[in-house]
Amino acid sequence: AILLVAVVVQTPGSIAGSALSARGTPQARSWSIFIACLVNIALVCALTPSLGAIGAALATLGGLATNTVCCLVFLQKLHGVDVKCFFFPVREDLGRLLSFVRRRGGNG
């Protein structure tokens with residue numbers, strides 16, 4: 001369950017990281033990964049001895065959450081992207097979804 005939450009938390013960060021690279025700032029993505037790695041190592045060392053696999057899973061969650069936050073912050077600061085769009089759907093999203101479903105309707 002903890003790792004499932006970690007994957008969900010990672011998703012916006014993965015997309016933001018790709019956007020950073022696509023917009024010409026892959027170093028920001030690399031810094032995010034580096035910072036997340038340091039957080040993960042610290043949490044593994046702190047949590048795994050006492051909590052075992054649960055501690056390792058929590059460390060993974062902490063590292064992935066750190067990466068997501070860093071990528072989103074860099075994307076907003078460097079490129080002015082409103083990071084709310086990573087969490088809240090807008091009307092255009094529904095329109096695109098309906099359009100996709102209509103196009104694929106006959107190919108089921």
# chains A, B, ... in the order shown; residues from 1 in each chain; ligands from 1

$ select_by_dssp --residues "chain A" --states "alpha helix (DSSP H)" --output "number ranges by chain"
A: 2-22, 26-51, 53-79, 91-104

$ residues_around --residues "range 32-45 of chain A" --least-positions-apart "3" --cutoff "9 Å" --atoms "only C-alpha atoms" --output "list in words"
Gly17, Gln27, Ala28, Arg29, Thr48, Pro49, Gly55, Ala56, Ala57, Leu58, Ala59, Thr60, Leu61, Gly62, Gly63, Leu64, Ala65, Thr66, Asn67, Thr68, Val69, Cys70, Cys71 and Phe74 of chain A

$ residues_around --residues "His79 in chain A" --least-positions-apart "3" --cutoff "12 Å" --atoms "only C-alpha atoms" --output "number ranges by chain"
A: 16, 19-25, 28, 71-76, 82-83
